[in-house]
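What follows is entry-v8.tsv (TSV, C-alpha atoms).
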chain	number	residue	atom	x	y	z
A	23	MET	CA	14.84	6.60	-0.79
A	24	ASP	CA	16.94	3.55	-1.52
A	25	HIS	CA	17.24	0.09	-0.04
A	26	ILE	CA	20.52	-0.26	1.86
A	27	ASP	CA	20.83	-3.89	0.78
A	28	ASP	CA	19.43	-4.23	-2.71
A	29	HIS	CA	15.81	-5.34	-2.52
A	30	ALA	CA	16.18	-7.24	-5.79
A	31	GLU	CA	18.95	-9.28	-4.14
A	32	GLY	CA	16.82	-10.17	-1.10
A	33	GLY	CA	17.21	-7.04	1.03
A	34	GLU	CA	14.40	-6.22	3.44
A	35	ASP	CA	11.56	-4.03	2.17
A	36	LEU	CA	11.10	-2.16	5.44
A	37	PRO	CA	11.65	1.50	6.41
A	38	ARG	CA	14.60	0.54	8.62
A	39	ALA	CA	16.27	-0.99	5.55
A	40	THR	CA	16.13	2.22	3.51
A	41	VAL	CA	18.11	5.42	3.46
A	42	ALA	CA	17.61	8.79	1.78
A	43	LEU	CA	20.44	9.42	-0.66
A	44	CYS	CA	21.34	12.45	-2.71
A	45	PRO	CA	21.27	11.83	-6.47
A	46	ASN	CA	25.07	11.50	-6.64
A	47	CYS	CA	25.32	8.87	-3.90
A	48	HIS	CA	22.32	7.02	-5.31
A	49	ALA	CA	23.97	6.85	-8.72
A	50	LEU	CA	27.19	5.55	-7.16
A	51	LYS	CA	25.39	2.91	-5.16
A	52	THR	CA	23.10	1.68	-7.92
A	53	GLY	CA	25.83	1.87	-10.55
A	54	GLY	CA	27.72	-0.86	-8.76
A	55	THR	CA	30.85	1.21	-8.15
A	56	VAL	CA	30.64	1.40	-4.36
A	57	THR	CA	32.66	-0.59	-1.90
A	58	GLU	CA	31.22	-2.62	0.95
A	59	GLU	CA	32.68	0.03	3.25
A	60	PHE	CA	30.44	2.66	1.62
A	61	ARG	CA	27.42	0.38	1.88
A	62	ALA	CA	28.19	-0.28	5.57
A	63	LEU	CA	28.32	3.45	6.27
A	64	LEU	CA	24.79	4.04	4.98
A	65	PRO	CA	22.74	2.80	7.96
A	66	THR	CA	25.08	4.15	10.64
A	67	THR	CA	25.34	7.55	8.98
A	68	ALA	CA	21.59	7.76	8.44
A	69	LEU	CA	20.90	6.84	12.08
A	70	ALA	CA	23.40	9.39	13.38
A	71	ARG	CA	21.86	12.15	11.23
A	72	HIS	CA	18.36	11.15	12.34
A	73	GLN	CA	19.36	11.30	16.00
A	74	GLU	CA	21.13	14.62	15.47
A	75	LEU	CA	18.17	16.23	13.74
A	76	LEU	CA	15.42	14.60	15.79
A	77	PRO	CA	16.91	13.77	19.20
A	78	ASP	CA	13.54	13.09	20.82
A	79	ALA	CA	12.27	10.75	18.08
A	80	ARG	CA	12.48	7.01	18.52

Same coordinates, now as structure tokens:
Amino acid sequence: MDHIDDHAEGGEDLPRATVALCPNCHALKTGGTVTEEFRALLPTTALARHQELLPDAR
């Protein structure tokens, strides 16, 4: 699990502000080599996958 907006930089410390990342994506994100476009895709992609896998969950 990783904070979408870096917690150390003031990002929320709530489940809705985290995303599960594979080791490769986590390394890219925490290594500082990602673009804002990549960071913006994290919550929308995670939500879409959640809804796809668990359509009845809220």

Option closest in space to Asp27 in chain A, from A:Gln73, A:Val56, A:Leu43, A:Arg61 [counting all atoms listed in the file] | A:Arg61

Restricting the calculation to only C-alpha atoms, which member of A:Ala49, A:Asp78, A:Glu34, A:Thr40 is positioned closest to Thr66 in chain A?
->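 Looking only at the distances to Thr66 in chain A, the closest residue turns out to be A:Thr40.
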
Could you state the separation of CA of Leu64 in chain A and CA of Ile26 in chain A in Å, given to one decimal place?
-> 6.8 Å

Could you check how far CA of Glu74 in chain A sits from CA of Gly53 in chain A, in Å to one decimal?
-> 29.4 Å
